[in-house]
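For reference, model04.csv (CSV, C-alpha atoms):
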```csv
chain,number,residue,atom,x,y,z
A,16,MET,CA,-16.1,14.9,-29.6
A,17,ASN,CA,-14.8,15.6,-26.1
A,18,ASP,CA,-13.2,12.7,-24.1
A,19,PHE,CA,-13.9,14.5,-20.8
A,20,THR,CA,-14.3,12.2,-17.8
A,21,ALA,CA,-15.7,13.5,-14.5
A,22,ILE,CA,-13.7,12.5,-11.4
A,23,ALA,CA,-15.6,11.9,-8.2
A,24,SER,CA,-14.2,13.8,-5.3
A,25,ALA,CA,-13.4,11.9,-2.2
A,26,ASN,CA,-15.0,12.6,1.1
A,27,GLU,CA,-12.3,14.6,2.9
A,28,ALA,CA,-14.2,14.3,6.2
A,29,ASP,CA,-13.6,10.5,6.0
A,30,ASN,CA,-11.0,10.4,8.7
A,31,ILE,CA,-11.5,6.7,9.6
A,32,GLU,CA,-8.6,4.6,10.9
A,33,ILE,CA,-8.2,0.9,10.3
A,34,SER,CA,-6.9,-0.6,13.6
A,35,ASN,CA,-3.9,-2.9,13.6
A,36,ILE,CA,-2.0,-5.1,16.0
A,37,SER,CA,-0.2,-3.0,18.7
A,38,PHE,CA,3.2,-3.2,17.2
A,39,PHE,CA,2.1,-1.6,13.9
A,40,PRO,CA,0.2,1.7,13.4
A,41,ALA,CA,-3.5,2.1,12.6
A,42,ILE,CA,-3.9,3.2,9.0
A,43,ASN,CA,-5.8,6.4,8.2
A,44,ILE,CA,-8.0,6.1,5.2
A,45,SER,CA,-7.7,9.8,4.3
A,46,ASP,CA,-3.9,9.5,4.4
A,47,VAL,CA,-4.1,6.6,2.0
A,48,ARG,CA,-6.4,8.5,-0.4
A,49,LYS,CA,-4.1,11.5,-0.4
A,50,THR,CA,-0.8,9.7,-0.8
A,51,GLN,CA,-2.0,7.2,-3.4
A,52,ARG,CA,-4.2,9.8,-5.2
A,53,LEU,CA,-7.4,7.8,-4.9
A,54,ASP,CA,-10.5,9.8,-5.7
A,55,GLY,CA,-14.1,9.3,-4.8
A,56,THR,CA,-14.6,6.6,-7.4
A,57,VAL,CA,-13.1,4.3,-4.8
A,58,THR,CA,-15.7,4.0,-2.1
A,59,THR,CA,-14.8,4.1,1.5
A,60,GLU,CA,-16.0,0.5,2.0
A,61,ARG,CA,-13.9,-0.7,-0.9
A,62,LEU,CA,-10.8,1.2,0.4
A,63,LYS,CA,-11.3,-0.2,3.9
A,64,ALA,CA,-11.4,-3.7,2.5
A,65,ALA,CA,-8.2,-3.2,0.4
A,66,ILE,CA,-6.4,-1.6,3.4
A,67,THR,CA,-7.4,-4.4,5.7
A,68,SER,CA,-6.1,-7.0,3.1
A,69,ALA,CA,-2.9,-5.1,2.7
A,70,ILE,CA,-2.3,-4.9,6.4
A,71,ILE,CA,-2.8,-8.7,6.7
A,72,ALA,CA,-0.4,-9.3,3.8
A,73,VAL,CA,2.3,-7.0,5.0
A,74,ASN,CA,2.0,-8.1,8.7
A,75,ASP,CA,2.4,-11.7,7.5
A,76,ASP,CA,5.6,-10.9,5.6
A,77,LEU,CA,7.0,-9.1,8.7
A,78,TYR,CA,5.8,-11.7,11.2
A,79,SER,CA,9.2,-13.2,12.1
A,80,TRP,CA,10.9,-9.8,12.1
A,81,ARG,CA,8.2,-8.4,14.4
A,82,ILE,CA,8.5,-11.3,16.9
A,83,THR,CA,12.3,-10.8,17.0
A,84,LYS,CA,11.9,-7.1,17.7
A,85,GLN,CA,9.3,-7.7,20.4
A,86,ALA,CA,11.5,-10.4,22.0
A,87,ALA,CA,14.2,-7.7,22.2
A,88,GLY,CA,11.8,-5.4,24.1
A,89,ILE,CA,10.6,-3.2,21.3
A,90,THR,CA,6.9,-2.6,21.6
A,91,SER,CA,6.2,-0.5,18.5
A,92,ILE,CA,7.7,-0.1,15.0
A,93,ASN,CA,8.1,3.7,15.8
A,94,ASP,CA,10.4,2.8,18.7
A,95,LEU,CA,13.0,1.7,16.1
A,96,SER,CA,14.5,5.1,16.1
A,97,ASP,CA,17.9,4.8,14.4
A,98,GLN,CA,16.6,7.2,11.8
A,99,GLN,CA,13.7,9.6,12.5
A,100,ILE,CA,12.3,11.5,9.5
A,101,ASN,CA,9.7,14.1,10.3
A,102,GLY,CA,9.2,12.6,13.8
A,103,GLU,CA,8.6,9.1,12.5
A,104,SER,CA,10.9,6.1,12.3
A,105,LYS,CA,12.1,5.1,8.9
A,106,TYR,CA,10.6,1.7,9.6
A,107,LEU,CA,7.2,3.2,10.2
A,108,LEU,CA,7.4,5.2,7.0
A,109,LEU,CA,8.4,2.1,5.1
A,110,TYR,CA,5.6,0.1,6.7
A,111,LYS,CA,3.0,2.7,5.7
A,112,HIS,CA,4.5,2.7,2.1
A,113,ALA,CA,4.2,-1.0,1.9
A,114,VAL,CA,0.6,-1.1,3.1
A,115,TYR,CA,-0.5,1.9,1.0
A,116,SER,CA,1.1,0.5,-2.2
A,117,TRP,CA,-0.3,-3.0,-1.6
A,118,ALA,CA,-3.8,-1.6,-1.0
A,119,ASN,CA,-3.6,0.5,-4.2
A,120,ALA,CA,-2.5,-2.5,-6.2
A,121,LEU,CA,-5.4,-4.5,-4.9
A,122,LEU,CA,-7.8,-1.7,-5.9
A,123,ASN,CA,-6.3,-1.5,-9.3
A,124,GLU,CA,-6.7,-5.3,-9.8
A,125,GLN,CA,-10.4,-5.0,-8.8
A,126,TYR,CA,-11.1,-2.0,-11.1
A,127,ILE,CA,-9.3,-3.3,-14.2
A,128,ASN,CA,-12.2,-5.4,-15.2
A,129,PHE,CA,-14.6,-2.5,-15.6
A,130,ASP,CA,-12.6,0.6,-15.4
A,131,ALA,CA,-11.7,0.9,-19.1
A,132,THR,CA,-14.3,2.1,-21.6
A,133,ALA,CA,-14.9,0.1,-24.7
A,134,LYS,CA,-13.0,2.7,-26.6
A,135,ALA,CA,-10.0,2.3,-24.3
A,136,LYS,CA,-10.1,-1.5,-24.5
A,137,ALA,CA,-10.2,-1.2,-28.3
A,138,LYS,CA,-7.1,0.9,-28.3
A,139,GLY,CA,-5.3,-1.4,-25.8
A,140,GLU,CA,-5.1,1.4,-23.2
A,141,ILE,CA,-5.7,-0.8,-20.2
A,142,GLU,CA,-2.2,-2.2,-20.4
A,143,PRO,CA,-0.5,0.7,-18.4
A,144,ASN,CA,-2.9,-0.1,-15.6
A,145,ILE,CA,-1.5,-3.7,-15.5
A,146,ASP,CA,2.0,-2.2,-15.4
A,147,SER,CA,1.1,0.1,-12.5
A,148,ILE,CA,-0.3,-2.9,-10.5
A,149,GLY,CA,3.1,-4.6,-10.9
A,150,ASN,CA,4.9,-1.4,-9.9
A,151,LEU,CA,2.7,-1.0,-6.8
A,152,TYR,CA,3.4,-4.5,-5.7
A,153,ARG,CA,7.1,-4.0,-6.4
A,154,ASN,CA,7.1,-0.8,-4.3
A,155,ALA,CA,5.4,-2.7,-1.4
A,156,ARG,CA,7.9,-5.6,-1.6
A,157,TYR,CA,10.8,-3.1,-1.8
A,158,ALA,CA,9.6,-1.4,1.4
A,159,ILE,CA,9.2,-4.8,3.1
A,160,ARG,CA,12.6,-5.9,2.1
A,161,ASP,CA,14.1,-2.6,3.3
A,162,ILE,CA,12.5,-3.1,6.7
A,163,LEU,CA,13.9,-6.7,6.8
A,164,GLY,CA,17.3,-5.4,5.8
A,165,LYS,CA,17.4,-7.6,2.7
A,166,SER,CA,18.6,-6.9,-0.8
A,167,ARG,CA,16.0,-5.8,-3.3
A,168,SER,CA,17.5,-8.1,-6.0
A,169,THR,CA,15.8,-11.4,-6.9
A,170,MET,CA,17.9,-13.7,-8.9
A,171,GLU,CA,17.1,-17.0,-10.5
A,172,LEU,CA,19.4,-19.8,-11.7
A,173,ILE,CA,18.5,-21.1,-15.1
```
Step by step, read the file and then write its structure as structure tokens.
Amino acid sequence: MNDFTAIASANEADNIEISNISFFPAINISDVRKTQRLDGTVTTERLKAAITSAIIAVNDDLYSWRITKQAAGITSINDLSDQQINGESKYLLLYKHAVYSWANALLNEQYINFDATAKAKAKGEIEPNIDSIGNLYRNARYAIRDILGKSRSTMELI
């Protein structure tokens, strides 16, 4: 028997942007789909909701940092131009990475309950998905910590 699974293609014409506060960029849904390899099984509505939640979470983590930058006269994250890569500030690239990873993690959490077939559940094949959720959140937190100029290490005293 064949284990072929059809993958729904995403609507490439879906060039919608999720607006943001003026300091941070709007997030393009198509760009998130492409960079996070999200196919058409993730509906536009579901992706918009995940991106919106991710923007809120990342913006909350960067609140004090943003206020400090704005008090110094910086009006946009892309104005932080100590390092420009392909015409974009490294901070802008890190911000996008944080939002994209966070949104993808949220989607993975939502889909884990019904994404696996009974056959996959029996084999225990849903475990890597749980690992990828943790990796996506880790990537988002690393990007946020890089923006803040903080170490990526977390240590606990026992």
Have a look at CA of Leu107 (chain A) and CA of Leu53 (chain A) and let me know their distance in Å, one decimal.
21.5 Å
Which is closer to Ile159 (chain A) than all the others in A:Leu108, A:Ile92, A:Ala118, A:Leu77, using all atoms listed in the file?
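Result for the nearest residue to Ile159 (chain A): A:Leu77.
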Distance CA of Arg81 (chain A)-CA of Arg48 (chain A), one decimal place?
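Interatomic distance here is 26.8 Å.
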Find the distance between CA of Trp80 (chain A) and CA of Pro40 (chain A) and write it in Å to one decimal.
15.8 Å
Pick the closest to Ile148 (chain A) from A:Ala120, A:Ala64, A:Ile71, A:Ala41: which is it, counting only C-alpha atoms?
A:Ala120
I want to know what sits within 9 Å of Asn30 (chain A), based on all atoms listed in the file, with residues of the same chain fewer than 6 positions away left out; could you give that as a list in words?
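Non-adjacent residues within range: Asn43, Ile44, Ser45 and Asp46 of chain A.
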Near Leu163 (chain A), counting all atoms listed in the file, which residues have an atom at most 12 Å away, once you skip same-chain residues fewer than 4 positions from it, shown as a list of chain:residue names?
A:Val73, A:Asp76, A:Leu77, A:Tyr78, A:Ser79, A:Trp80, A:Arg81, A:Thr83, A:Lys84, A:Tyr106, A:Leu109, A:Tyr110, A:Arg156, A:Tyr157, A:Ala158, A:Ile159, A:Arg167
Considering all atoms listed in the file, return as a list in words whatever protein or nucleic-acid residues lie within 8 Å of Asn154 (chain A), sequence-local ones (same chain, fewer than 5 positions apart) excluded.
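The contact residues come out as His112, Ala113 and Ser116 of chain A.
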Go ahead and save the residues from that selection, with C-alpha atoms, as a compact mmCIF listing (two decimals), keeping the file's coordinate frame.
```txt
# COMPACT_ATOMS: atom_id res chain seq x y z
CA HIS A 112 4.50 2.70 2.10
CA ALA A 113 4.20 -1.00 1.90
CA SER A 116 1.10 0.50 -2.20
```
So, counting all atoms listed in the file, which residue among A:Lys63, A:Ala86, A:Asn93, A:Asn119 is closest to Lys105 (chain A)?
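When distances to Lys105 (chain A) are compared using all atoms listed in the file, the smallest one comes from A:Asn93.
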Pick the closest to Val57 (chain A) from A:Ser166, A:Leu122, A:Asp146, A:Leu172: which is it, counting only C-alpha atoms?
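Using only C-alpha atoms, Val57 (chain A) sits closest to A:Leu122.
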